[in-house]
Amino acid sequence: MTRAAVFGTGSWGTTFAMILAEAGTTPTLWGRRAQIVDAINETRENPEYLPGTRLPDALRATTDPAEAMDGADFVVLAIPSQTLRGNLQVWKPHIPPGAVLVSLMKGVELGTCKRMSEVVCEVAEVPESRVAVVSGPNLVPELARRQPAAAVVACTDEEVAARLQEACHLPWFRTYTNPDVVGVELGGAVKNVIALAVGVAAGMGLGDNVRATLMTRGLAEIARLGAALGADQHTFAGLAGMGDLVATCTSPLSRNRTFGENLGRGMTMAEVVAATKQTAEGVKSCESVLELARKHDVEMPITEVVVGVVHDGMTPGEAAVLLMSRTPKPERYGV
């Protein structure tokens, strides 16, 4: 029997644990808040993040990381990306020998500019072959209702990717494998930044032409950064690239798009943060994505103005003028 520990009782962690359970894997969900853990065990529901969603009987929860990881074949990490390093240092002694560490996180670490899989390898002291990534257009409210969706399972070891694929594959949740961990992670991290820009445009009342422009030019930014870091360019045309970008930029269920939309409507950063219940990863990761781009001499103008609006006091109107007044260049894929 395949066992999994899922760290994080937020909406995505809980939903992925549900997917694992329904696919025949036995999951234990770890959470830091006893109130949520108790509710999951006693009522089969996560009342704070997934109210109304019935969780499988095979899923149980605990506040003890050692208990969660006991006998686990997969250790799934579904926590805010900027908290990964500190948490994993605490959990490291409990990781079972040979367990595969799975990242559901979509971010780039502040300060180091490392992707989440790189942080996992460094802190847990495991090879790349024991780290996998799950990404794609996976808006949680739809998954919680068991609506059809697809995702990418990425690992440098194809056998490990296939094992994880089997552990979470369902008739309504289709998974594809991909050895391009770099491309899959960059697609997931940078699309959040582009979704902030699209949200700002929507909040300003700008139309579909602007949104389509931001998405396509945003995809070009992702591809440019990916090329500099050795990613497979075909990845960005798939689920972990264009698929995730379109879903996150267009859906009202997207945290990052909603965050940007509130900024575009004139709310202050403090007001938007206060109104946002769950983590919008692009808000912090936009800085590290831009720093990573500058380290590799990659031009990312949309990312630059997002950082300006979110962190440097630039108004949405100023950001729009800055983008549109740039010197025109030839439009080619990846440029």
# chains A, B, ... in the order shown; residues from 1 in each chain; ligands from 1

$ residues_around --residues "Cys286 in chain A" --least-positions-apart "3" --cutoff "7 Å" --atoms "only C-alpha atoms" --output "MDAnalysis selection string"
chainID A and resid 193 282:283 289:290 303 307

$ residues_around --residues "Val90 in chain A" --least-positions-apart "6" --cutoff "12 Å" --atoms "only C-alpha atoms" --output "PyMOL selection string"
chain A and resi 64-66+83-84+123-124

$ atom_distance --atom1 "CA of Gly136 in chain A" --atom2 "CA of Leu263 in chain A"
25.5 Å

$ closest_residue --among "A:Thr53, A:Thr62, A:Asn138, A:Ser81" --to "Asn41 in chain A" --atoms "only C-alpha atoms"
A:Thr62

$ closest_residue --among "A:Gly266, A:Pro47, A:Val120, A:Ser135" --to "Gly205 in chain A" --atoms "only C-alpha atoms"
A:Gly266
